[in-house]
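Source file: query08.txt; contents: compact mmCIF, N, CA and C atoms.
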# COMPACT_ATOMS: atom_id res chain seq x y z
N MET X 1 0.85 -1.18 0.00
CA MET X 1 0.00 0.00 0.00
C MET X 1 0.89 1.24 0.00
N GLY X 2 0.67 2.13 -0.96
CA GLY X 2 1.47 3.34 -1.08
C GLY X 2 1.14 4.35 0.00
N GLN X 3 2.00 5.35 0.10
CA GLN X 3 1.82 6.36 1.14
C GLN X 3 0.52 7.14 0.96
N ASN X 4 0.19 7.51 -0.30
CA ASN X 4 -1.05 8.26 -0.48
C ASN X 4 -2.27 7.37 -0.25
N GLN X 5 -2.16 6.06 -0.51
CA GLN X 5 -3.25 5.12 -0.22
C GLN X 5 -3.46 5.02 1.29
N SER X 6 -2.37 4.97 2.04
CA SER X 6 -2.46 4.94 3.50
C SER X 6 -3.08 6.22 4.03
N MET X 7 -2.70 7.34 3.43
CA MET X 7 -3.25 8.62 3.85
C MET X 7 -4.75 8.68 3.52
N LEU X 8 -5.13 8.14 2.37
CA LEU X 8 -6.55 8.11 2.01
C LEU X 8 -7.34 7.28 3.02
N ILE X 9 -6.81 6.12 3.38
CA ILE X 9 -7.49 5.28 4.37
C ILE X 9 -7.60 6.02 5.70
N PHE X 10 -6.55 6.73 6.10
CA PHE X 10 -6.59 7.50 7.34
C PHE X 10 -7.66 8.59 7.25
N GLY X 11 -7.74 9.26 6.11
CA GLY X 11 -8.78 10.28 5.92
C GLY X 11 -10.17 9.69 6.02
N LEU X 12 -10.36 8.49 5.46
CA LEU X 12 -11.66 7.83 5.53
C LEU X 12 -11.99 7.39 6.96
N VAL X 13 -10.98 6.98 7.71
CA VAL X 13 -11.19 6.63 9.12
C VAL X 13 -11.63 7.87 9.90
N LEU X 14 -11.00 9.01 9.62
CA LEU X 14 -11.40 10.25 10.27
C LEU X 14 -12.83 10.63 9.88
N ALA X 15 -13.18 10.44 8.61
CA ALA X 15 -14.54 10.73 8.15
C ALA X 15 -15.54 9.80 8.85
N ALA X 16 -15.17 8.54 9.02
CA ALA X 16 -16.05 7.59 9.71
C ALA X 16 -16.22 7.99 11.18
N ALA X 17 -15.15 8.46 11.80
CA ALA X 17 -15.25 8.92 13.19
C ALA X 17 -16.17 10.15 13.29
N ALA X 18 -16.05 11.05 12.32
CA ALA X 18 -16.94 12.22 12.29
C ALA X 18 -18.39 11.77 12.12
N ALA X 19 -18.61 10.80 11.26
CA ALA X 19 -19.96 10.27 11.05
C ALA X 19 -20.49 9.63 12.33
N ALA X 20 -19.65 8.87 13.01
CA ALA X 20 -20.07 8.23 14.25
C ALA X 20 -20.46 9.28 15.30
N PHE X 21 -19.69 10.36 15.37
CA PHE X 21 -20.02 11.42 16.32
C PHE X 21 -21.39 12.03 15.97
N HIS X 22 -21.66 12.21 14.69
CA HIS X 22 -22.94 12.79 14.28
C HIS X 22 -24.11 11.82 14.50
N VAL X 23 -23.85 10.52 14.44
CA VAL X 23 -24.89 9.56 14.81
C VAL X 23 -25.18 9.67 16.31
N PHE X 24 -24.14 9.86 17.09
CA PHE X 24 -24.31 10.07 18.53
C PHE X 24 -25.15 11.31 18.81
N ILE X 25 -24.86 12.39 18.10
CA ILE X 25 -25.63 13.62 18.26
C ILE X 25 -27.09 13.40 17.84
N PHE X 26 -27.29 12.63 16.77
CA PHE X 26 -28.65 12.27 16.36
C PHE X 26 -29.38 11.60 17.52
N ALA X 27 -28.73 10.64 18.15
CA ALA X 27 -29.37 9.91 19.25
C ALA X 27 -29.74 10.85 20.39
N LEU X 28 -28.85 11.78 20.71
CA LEU X 28 -29.15 12.73 21.79
C LEU X 28 -30.31 13.64 21.41
N GLU X 29 -30.27 14.19 20.20
CA GLU X 29 -31.27 15.18 19.82
C GLU X 29 -32.63 14.56 19.48
N SER X 30 -32.61 13.43 18.80
CA SER X 30 -33.88 12.87 18.31
C SER X 30 -34.47 11.81 19.24
N LEU X 31 -33.65 11.15 20.02
CA LEU X 31 -34.14 10.04 20.84
C LEU X 31 -34.09 10.30 22.34
N ARG X 32 -33.17 11.16 22.79
CA ARG X 32 -32.96 11.34 24.23
C ARG X 32 -33.06 12.80 24.67
N TRP X 33 -33.70 13.64 23.88
CA TRP X 33 -33.69 15.08 24.12
C TRP X 33 -34.17 15.48 25.51
N THR X 34 -35.18 14.83 26.03
CA THR X 34 -35.75 15.23 27.32
C THR X 34 -35.06 14.58 28.52
N GLU X 35 -34.10 13.71 28.28
CA GLU X 35 -33.38 13.07 29.39
C GLU X 35 -32.51 14.10 30.12
N PRO X 36 -32.41 14.00 31.44
CA PRO X 36 -31.62 14.97 32.21
C PRO X 36 -30.17 15.10 31.73
N GLU X 37 -29.53 13.98 31.38
CA GLU X 37 -28.14 14.03 30.93
C GLU X 37 -28.01 14.80 29.62
N THR X 38 -28.97 14.59 28.72
CA THR X 38 -28.95 15.30 27.44
C THR X 38 -29.22 16.78 27.63
N ARG X 39 -30.18 17.09 28.48
CA ARG X 39 -30.48 18.50 28.76
C ARG X 39 -29.25 19.21 29.29
N LYS X 40 -28.50 18.53 30.13
CA LYS X 40 -27.27 19.12 30.68
C LYS X 40 -26.24 19.36 29.58
N ILE X 41 -26.06 18.39 28.69
CA ILE X 41 -25.09 18.53 27.59
C ILE X 41 -25.41 19.75 26.74
N PHE X 42 -26.69 19.96 26.43
CA PHE X 42 -27.10 21.03 25.53
C PHE X 42 -27.50 22.31 26.27
N GLY X 43 -27.42 22.31 27.59
CA GLY X 43 -27.73 23.51 28.35
C GLY X 43 -29.21 23.87 28.35
N VAL X 44 -30.07 22.86 28.25
CA VAL X 44 -31.51 23.09 28.31
C VAL X 44 -31.89 23.17 29.78
N ALA X 45 -32.46 24.30 30.17
CA ALA X 45 -32.65 24.61 31.60
C ALA X 45 -33.63 23.70 32.32
N SER X 46 -34.69 23.28 31.66
CA SER X 46 -35.72 22.53 32.38
C SER X 46 -36.35 21.48 31.47
N GLU X 47 -37.08 20.58 32.10
CA GLU X 47 -37.81 19.57 31.33
C GLU X 47 -38.88 20.24 30.46
N ALA X 48 -39.48 21.30 30.97
CA ALA X 48 -40.49 22.03 30.19
C ALA X 48 -39.86 22.65 28.94
N ASP X 49 -38.66 23.23 29.08
CA ASP X 49 -37.96 23.78 27.91
C ASP X 49 -37.63 22.67 26.91
N ALA X 50 -37.23 21.51 27.43
CA ALA X 50 -36.91 20.38 26.56
C ALA X 50 -38.15 19.93 25.80
N GLU X 51 -39.28 19.88 26.47
CA GLU X 51 -40.52 19.48 25.80
C GLU X 51 -40.92 20.49 24.72
N THR X 52 -40.72 21.76 25.02
CA THR X 52 -41.06 22.81 24.05
C THR X 52 -40.19 22.73 22.81
N THR X 53 -38.90 22.44 23.00
CA THR X 53 -37.96 22.42 21.88
C THR X 53 -37.79 21.04 21.26
N LYS X 54 -38.47 20.05 21.79
CA LYS X 54 -38.31 18.68 21.33
C LYS X 54 -38.54 18.52 19.82
N PRO X 55 -39.58 19.10 19.22
CA PRO X 55 -39.75 18.93 17.77
C PRO X 55 -38.59 19.51 16.95
N LEU X 56 -38.03 20.62 17.40
CA LEU X 56 -36.89 21.22 16.70
C LEU X 56 -35.66 20.32 16.82
N ALA X 57 -35.42 19.83 18.02
CA ALA X 57 -34.28 18.96 18.25
C ALA X 57 -34.42 17.65 17.46
N PHE X 58 -35.63 17.12 17.42
CA PHE X 58 -35.89 15.89 16.67
C PHE X 58 -35.50 16.07 15.21
N ASN X 59 -35.93 17.16 14.62
CA ASN X 59 -35.62 17.46 13.22
C ASN X 59 -34.11 17.66 13.04
N GLN X 60 -33.50 18.41 13.91
CA GLN X 60 -32.07 18.69 13.82
C GLN X 60 -31.25 17.41 13.94
N GLY X 61 -31.70 16.52 14.81
CA GLY X 61 -31.01 15.24 14.96
C GLY X 61 -30.98 14.46 13.66
N PHE X 62 -32.07 14.50 12.93
CA PHE X 62 -32.10 13.79 11.66
C PHE X 62 -31.17 14.43 10.63
N TYR X 63 -30.99 15.74 10.68
CA TYR X 63 -29.98 16.36 9.81
C TYR X 63 -28.61 15.74 10.09
N ASN X 64 -28.28 15.62 11.36
CA ASN X 64 -27.00 15.01 11.73
C ASN X 64 -26.90 13.57 11.24
N LEU X 65 -27.97 12.82 11.38
CA LEU X 65 -27.97 11.44 10.91
C LEU X 65 -27.76 11.37 9.40
N PHE X 66 -28.44 12.22 8.65
CA PHE X 66 -28.32 12.17 7.19
C PHE X 66 -26.92 12.57 6.73
N LEU X 67 -26.28 13.53 7.40
CA LEU X 67 -24.90 13.87 7.08
C LEU X 67 -23.98 12.67 7.33
N ALA X 68 -24.23 11.99 8.44
CA ALA X 68 -23.43 10.80 8.76
C ALA X 68 -23.64 9.71 7.71
N LEU X 69 -24.89 9.47 7.33
CA LEU X 69 -25.18 8.41 6.36
C LEU X 69 -24.57 8.72 5.00
N ALA X 70 -24.61 9.97 4.57
CA ALA X 70 -23.99 10.34 3.29
C ALA X 70 -22.48 10.08 3.35
N THR X 71 -21.88 10.44 4.45
CA THR X 71 -20.44 10.23 4.62
C THR X 71 -20.10 8.74 4.62
N LEU X 72 -20.86 7.95 5.37
CA LEU X 72 -20.61 6.51 5.44
C LEU X 72 -20.85 5.83 4.09
N LEU X 73 -21.86 6.26 3.36
CA LEU X 73 -22.09 5.72 2.02
C LEU X 73 -20.91 6.06 1.12
N GLY X 74 -20.42 7.29 1.22
CA GLY X 74 -19.25 7.69 0.45
C GLY X 74 -18.04 6.82 0.76
N ILE X 75 -17.81 6.56 2.02
CA ILE X 75 -16.68 5.70 2.41
C ILE X 75 -16.84 4.31 1.79
N ALA X 76 -18.03 3.75 1.90
CA ALA X 76 -18.29 2.42 1.33
C ALA X 76 -18.05 2.41 -0.18
N LEU X 77 -18.47 3.45 -0.86
CA LEU X 77 -18.27 3.52 -2.30
C LEU X 77 -16.80 3.64 -2.67
N VAL X 78 -16.05 4.44 -1.92
CA VAL X 78 -14.60 4.54 -2.17
C VAL X 78 -13.96 3.17 -2.01
N LEU X 79 -14.29 2.50 -0.92
CA LEU X 79 -13.69 1.19 -0.64
C LEU X 79 -14.11 0.13 -1.66
N SER X 80 -15.26 0.34 -2.31
CA SER X 80 -15.69 -0.63 -3.33
C SER X 80 -15.19 -0.27 -4.72
N GLY X 81 -14.39 0.78 -4.83
CA GLY X 81 -13.80 1.14 -6.11
C GLY X 81 -14.49 2.27 -6.85
N LEU X 82 -15.62 2.74 -6.36
CA LEU X 82 -16.31 3.87 -6.99
C LEU X 82 -15.80 5.16 -6.35
N THR X 83 -14.54 5.47 -6.65
CA THR X 83 -13.81 6.51 -5.95
C THR X 83 -14.39 7.90 -6.14
N THR X 84 -14.72 8.27 -7.36
CA THR X 84 -15.16 9.65 -7.61
C THR X 84 -16.47 9.96 -6.89
N VAL X 85 -17.47 9.12 -7.07
CA VAL X 85 -18.76 9.38 -6.41
C VAL X 85 -18.60 9.22 -4.90
N GLY X 86 -17.79 8.27 -4.46
CA GLY X 86 -17.57 8.08 -3.03
C GLY X 86 -16.91 9.28 -2.38
N LEU X 87 -15.86 9.79 -2.99
CA LEU X 87 -15.18 10.97 -2.44
C LEU X 87 -16.09 12.19 -2.47
N THR X 88 -16.92 12.29 -3.50
CA THR X 88 -17.87 13.39 -3.56
C THR X 88 -18.79 13.36 -2.34
N LEU X 89 -19.30 12.20 -2.00
CA LEU X 89 -20.17 12.09 -0.82
C LEU X 89 -19.40 12.32 0.48
N VAL X 90 -18.18 11.82 0.56
CA VAL X 90 -17.38 12.04 1.77
C VAL X 90 -17.13 13.53 1.96
N PHE X 91 -16.71 14.22 0.90
CA PHE X 91 -16.46 15.65 1.02
C PHE X 91 -17.74 16.45 1.27
N ALA X 92 -18.84 16.04 0.65
CA ALA X 92 -20.11 16.74 0.88
C ALA X 92 -20.56 16.56 2.33
N GLY X 93 -20.52 15.33 2.83
CA GLY X 93 -20.96 15.06 4.20
C GLY X 93 -20.09 15.76 5.22
N THR X 94 -18.78 15.59 5.13
CA THR X 94 -17.89 16.20 6.12
C THR X 94 -17.84 17.72 5.94
N GLY X 95 -17.96 18.18 4.71
CA GLY X 95 -17.97 19.63 4.47
C GLY X 95 -19.16 20.30 5.12
N MET X 96 -20.33 19.65 5.01
CA MET X 96 -21.52 20.23 5.65
C MET X 96 -21.43 20.14 7.17
N MET X 97 -20.80 19.08 7.69
CA MET X 97 -20.59 18.99 9.13
C MET X 97 -19.73 20.17 9.60
N LEU X 98 -18.66 20.44 8.86
CA LEU X 98 -17.76 21.54 9.19
C LEU X 98 -18.48 22.88 9.06
N ALA X 99 -19.26 23.05 8.00
CA ALA X 99 -20.00 24.30 7.80
C ALA X 99 -20.99 24.54 8.95
N ALA X 100 -21.65 23.49 9.40
CA ALA X 100 -22.59 23.63 10.52
C ALA X 100 -21.85 24.04 11.79
N ALA X 101 -20.66 23.51 11.99
CA ALA X 101 -19.87 23.90 13.16
C ALA X 101 -19.47 25.38 13.08
N LEU X 102 -19.13 25.84 11.88
CA LEU X 102 -18.79 27.25 11.70
C LEU X 102 -19.99 28.15 11.97
N VAL X 103 -21.17 27.73 11.49
CA VAL X 103 -22.39 28.50 11.76
C VAL X 103 -22.63 28.57 13.27
N LEU X 104 -22.42 27.47 13.95
CA LEU X 104 -22.64 27.44 15.40
C LEU X 104 -21.75 28.45 16.10
N VAL X 105 -20.46 28.44 15.81
CA VAL X 105 -19.55 29.34 16.52
C VAL X 105 -19.72 30.79 16.08
N LEU X 106 -20.07 31.03 14.82
CA LEU X 106 -20.29 32.40 14.37
C LEU X 106 -21.58 32.98 14.94
N SER X 107 -22.57 32.14 15.15
CA SER X 107 -23.84 32.62 15.69
C SER X 107 -23.79 32.78 17.21
N ASN X 108 -22.88 32.04 17.85
CA ASN X 108 -22.77 32.12 19.31
C ASN X 108 -21.35 31.75 19.72
N PRO X 109 -20.45 32.72 19.84
CA PRO X 109 -19.06 32.43 20.19
C PRO X 109 -18.89 31.64 21.48
N LYS X 110 -19.88 31.68 22.37
CA LYS X 110 -19.80 30.90 23.61
C LYS X 110 -19.86 29.40 23.32
N MET X 111 -20.28 29.04 22.11
CA MET X 111 -20.40 27.63 21.72
C MET X 111 -19.14 27.12 21.02
N ALA X 112 -18.02 27.82 21.19
CA ALA X 112 -16.78 27.45 20.49
C ALA X 112 -16.35 26.01 20.81
N LYS X 113 -16.47 25.61 22.05
CA LYS X 113 -16.07 24.24 22.43
C LYS X 113 -16.96 23.22 21.71
N SER X 114 -18.27 23.46 21.70
CA SER X 114 -19.18 22.55 21.01
C SER X 114 -18.90 22.53 19.51
N ALA X 115 -18.63 23.70 18.95
CA ALA X 115 -18.33 23.78 17.52
C ALA X 115 -17.04 23.04 17.19
N ALA X 116 -16.06 23.13 18.07
CA ALA X 116 -14.80 22.40 17.84
C ALA X 116 -15.04 20.89 17.89
N MET X 117 -15.89 20.45 18.81
CA MET X 117 -16.22 19.02 18.88
C MET X 117 -16.96 18.58 17.62
N GLN X 118 -17.89 19.42 17.16
CA GLN X 118 -18.70 19.10 16.00
C GLN X 118 -17.89 19.16 14.71
N GLY X 119 -16.94 20.09 14.63
CA GLY X 119 -16.24 20.31 13.37
C GLY X 119 -14.81 19.83 13.30
N GLY X 120 -14.24 19.43 14.43
CA GLY X 120 -12.83 19.03 14.44
C GLY X 120 -12.53 17.81 13.56
N LEU X 121 -13.26 16.73 13.79
CA LEU X 121 -13.03 15.53 12.99
C LEU X 121 -13.36 15.73 11.51
N PRO X 122 -14.46 16.40 11.18
CA PRO X 122 -14.70 16.66 9.75
C PRO X 122 -13.58 17.48 9.11
N LEU X 123 -13.07 18.48 9.81
CA LEU X 123 -11.97 19.28 9.27
C LEU X 123 -10.75 18.42 9.00
N LEU X 124 -10.38 17.60 9.97
CA LEU X 124 -9.22 16.71 9.78
C LEU X 124 -9.46 15.74 8.63
N ALA X 125 -10.67 15.20 8.54
CA ALA X 125 -11.00 14.27 7.45
C ALA X 125 -10.86 14.95 6.10
N ILE X 126 -11.35 16.17 5.99
CA ILE X 126 -11.27 16.91 4.73
C ILE X 126 -9.82 17.16 4.35
N VAL X 127 -9.03 17.64 5.30
CA VAL X 127 -7.63 17.97 5.00
C VAL X 127 -6.85 16.73 4.61
N VAL X 128 -6.94 15.68 5.41
CA VAL X 128 -6.16 14.47 5.13
C VAL X 128 -6.60 13.82 3.82
N THR X 129 -7.89 13.74 3.60
CA THR X 129 -8.39 13.11 2.38
C THR X 129 -8.02 13.96 1.15
N ALA X 130 -8.14 15.26 1.26
CA ALA X 130 -7.78 16.14 0.13
C ALA X 130 -6.30 16.01 -0.21
N VAL X 131 -5.46 15.97 0.80
CA VAL X 131 -4.02 15.80 0.55
C VAL X 131 -3.76 14.45 -0.11
N ALA X 132 -4.41 13.41 0.38
CA ALA X 132 -4.23 12.07 -0.19
C ALA X 132 -4.64 12.04 -1.67
N VAL X 133 -5.72 12.70 -2.00
CA VAL X 133 -6.21 12.73 -3.37
C VAL X 133 -5.30 13.59 -4.25
N ALA X 134 -4.79 14.69 -3.70
CA ALA X 134 -3.94 15.61 -4.46
C ALA X 134 -2.56 15.03 -4.75
N VAL X 135 -2.07 14.17 -3.87
CA VAL X 135 -0.75 13.57 -4.03
C VAL X 135 -0.89 12.21 -4.68
N VAL X 136 -1.12 12.23 -5.97
CA VAL X 136 -1.32 10.97 -6.70
C VAL X 136 -0.04 10.50 -7.31

Represent the structure of the file as structure tokens.
Amino acid sequence: MGQNQSMLIFGLVLAAAAAAFHVFIFALESLRWTEPETRKIFGVASEADAETTKPLAFNQGFYNLFLALATLLGIALVLSGLTTVGLTLVFAGTGMMLAAALVLVLSNPKMAKSAAMQGGLPLLAIVVTAVAVAVV
């Protein structure tokens, strides 16, 4: 396995980790939103506030799931030899994850830590995968 092939695999592993994190966020937002532990993670003050925002969180959770699924499908396609369409999905999925993290921190600088958690792995996946693809 060549160096750029190893780097590509590493980029895909980072993309898979980003996808896994977004599946976790899906579970918190769409399945566990009113749980005390989840409310604490997201800074939701009360159970009543969680109930009020539950439909919004449910929808947002599915956005995270769909970004993860697009990324995972892209990884599977790359590994099966459909490199162009696979990389397109990987870059689209991780790029939107990163863009959402940027929107979060730009809209509320106090959320910088959350934005870094949300966007760190996608950023690394994009950089490593792009370098691997560029160094052919």

Specify the axis-aligned box that encloses all atoms of segment 37-54 of chain X listed in the file after padding of 6 Å on each side, stating its centre and edge lengths in Å to one decimal as AutoDock Vina command-line options.
--center_x -33.1 --center_y 19.3 --center_z 26.1 --size_x 28.0 --size_y 22.6 --size_z 24.6

Next item on the list: Can you work out the spacing between atom CA of Val131 of chain X and atom N of Thr94 of chain X in Å, to one decimal?
Entry: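 Atom-to-atom, atom CA of Val131 of chain X and atom N of Thr94 of chain X are spaced 15.5 Å apart.
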
Which polymer residues have any atom within 12 Å of an atom of Tyr63 of chain X, counting only C-alpha atoms, with same-chain residues fewer than 6 positions away left out, as a PDB file with N, CA and C atoms, keeping the file's coordinate frame?
ATOM      1  N   ALA X  19     -18.610  10.800  11.260  1.00  0.00           N
ATOM      2  CA  ALA X  19     -19.960  10.270  11.050  1.00  0.00           C
ATOM      3  C   ALA X  19     -20.490   9.630  12.330  1.00  0.00           C
ATOM      4  N   HIS X  22     -21.660  12.210  14.690  1.00  0.00           N
ATOM      5  CA  HIS X  22     -22.940  12.790  14.280  1.00  0.00           C
ATOM      6  C   HIS X  22     -24.110  11.820  14.500  1.00  0.00           C
ATOM      7  N   VAL X  23     -23.850  10.520  14.440  1.00  0.00           N
ATOM      8  CA  VAL X  23     -24.890   9.560  14.810  1.00  0.00           C
ATOM      9  C   VAL X  23     -25.180   9.670  16.310  1.00  0.00           C
ATOM     10  N   ILE X  25     -24.860  12.390  18.100  1.00  0.00           N
ATOM     11  CA  ILE X  25     -25.630  13.620  18.260  1.00  0.00           C
ATOM     12  C   ILE X  25     -27.090  13.400  17.840  1.00  0.00           C
ATOM     13  N   PHE X  26     -27.290  12.630  16.770  1.00  0.00           N
ATOM     14  CA  PHE X  26     -28.650  12.270  16.360  1.00  0.00           C
ATOM     15  C   PHE X  26     -29.380  11.600  17.520  1.00  0.00           C
ATOM     16  N   ALA X  27     -28.730  10.640  18.150  1.00  0.00           N
ATOM     17  CA  ALA X  27     -29.370   9.910  19.250  1.00  0.00           C
ATOM     18  C   ALA X  27     -29.740  10.850  20.390  1.00  0.00           C
ATOM     19  N   GLU X  29     -30.270  14.190  20.200  1.00  0.00           N
ATOM     20  CA  GLU X  29     -31.270  15.180  19.820  1.00  0.00           C
ATOM     21  C   GLU X  29     -32.630  14.560  19.480  1.00  0.00           C
ATOM     22  N   SER X  30     -32.610  13.430  18.800  1.00  0.00           N
ATOM     23  CA  SER X  30     -33.880  12.870  18.310  1.00  0.00           C
ATOM     24  C   SER X  30     -34.470  11.810  19.240  1.00  0.00           C
ATOM     25  N   LEU X  56     -38.030  20.620  17.400  1.00  0.00           N
ATOM     26  CA  LEU X  56     -36.890  21.220  16.700  1.00  0.00           C
ATOM     27  C   LEU X  56     -35.660  20.320  16.820  1.00  0.00           C
ATOM     28  N   ALA X  57     -35.420  19.830  18.020  1.00  0.00           N
ATOM     29  CA  ALA X  57     -34.280  18.960  18.250  1.00  0.00           C
ATOM     30  C   ALA X  57     -34.420  17.650  17.460  1.00  0.00           C
ATOM     31  N   LEU X  69     -24.890   9.470   7.330  1.00  0.00           N
ATOM     32  CA  LEU X  69     -25.180   8.410   6.360  1.00  0.00           C
ATOM     33  C   LEU X  69     -24.570   8.720   5.000  1.00  0.00           C
ATOM     34  N   ALA X  70     -24.610   9.970   4.570  1.00  0.00           N
ATOM     35  CA  ALA X  70     -23.990  10.340   3.290  1.00  0.00           C
ATOM     36  C   ALA X  70     -22.480  10.080   3.350  1.00  0.00           C
ATOM     37  N   GLY X  93     -20.520  15.330   2.830  1.00  0.00           N
ATOM     38  CA  GLY X  93     -20.960  15.060   4.200  1.00  0.00           C
ATOM     39  C   GLY X  93     -20.090  15.760   5.220  1.00  0.00           C
ATOM     40  N   MET X  96     -20.330  19.650   5.010  1.00  0.00           N
ATOM     41  CA  MET X  96     -21.520  20.230   5.650  1.00  0.00           C
ATOM     42  C   MET X  96     -21.430  20.140   7.170  1.00  0.00           C
ATOM     43  N   MET X  97     -20.800  19.080   7.690  1.00  0.00           N
ATOM     44  CA  MET X  97     -20.590  18.990   9.130  1.00  0.00           C
ATOM     45  C   MET X  97     -19.730  20.170   9.600  1.00  0.00           C
ATOM     46  N   ALA X 100     -21.650  23.490   9.400  1.00  0.00           N
ATOM     47  CA  ALA X 100     -22.590  23.630  10.520  1.00  0.00           C
ATOM     48  C   ALA X 100     -21.850  24.040  11.790  1.00  0.00           C
TER      49      ALA X 100
END

Next item on the list: Rank X:Thr71, X:Leu65, X:Lys113, X:Ile9 by their smallest atom-to-atom distance to Phe91 of chain X, using only N, CA and C atoms, and report the top residue only.
Entry: X:Thr71

Margin query: Quick check, in Å to one decimal: how far apart do atom CA of Pro109 of chain X and atom CA of Phe42 of chain X lie?
Written below: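 Taking atom CA of Pro109 of chain X as the start and atom CA of Phe42 of chain X as the end point, the length is 14.9 Å.
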
Next item on the list: Please report, as a PyMOL selection string, each residue of chain X to which DSSP assigns alpha helix (DSSP H) when run on this structure's backbone.
Entry: chain X and resi 3-26+36-42+47-79+83-107+112-134

Next item on the list: Would you kindly return, as a list in words, each protein, DNA or RNA residue with an atom no farther than 10 Å from any atom of Gly120 of chain X, considering only C-alpha atoms and excluding same-chain residues fewer than 4 positions away?
Entry: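 Surrounding residues, per the criterion: Leu14, Ala18, Met97, Leu98, Ala101, Ser114, Ala115, Ala116, Leu124 and Ala125 of chain X.
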
Next item on the list: Would you please work out which residue, of X:Leu104, X:Leu121, X:Leu31, X:Val128, is nearest to Gly11 of chain X when using all atoms listed in the file?
Entry: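 Of X:Leu104, X:Leu121, X:Leu31, X:Val128, the one nearest Gly11 of chain X is X:Val128, counting all atoms listed in the file.
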
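The coordinates place atom N of Thr129 of chain X at 18.8 Å from atom N of Leu67 of chain X.
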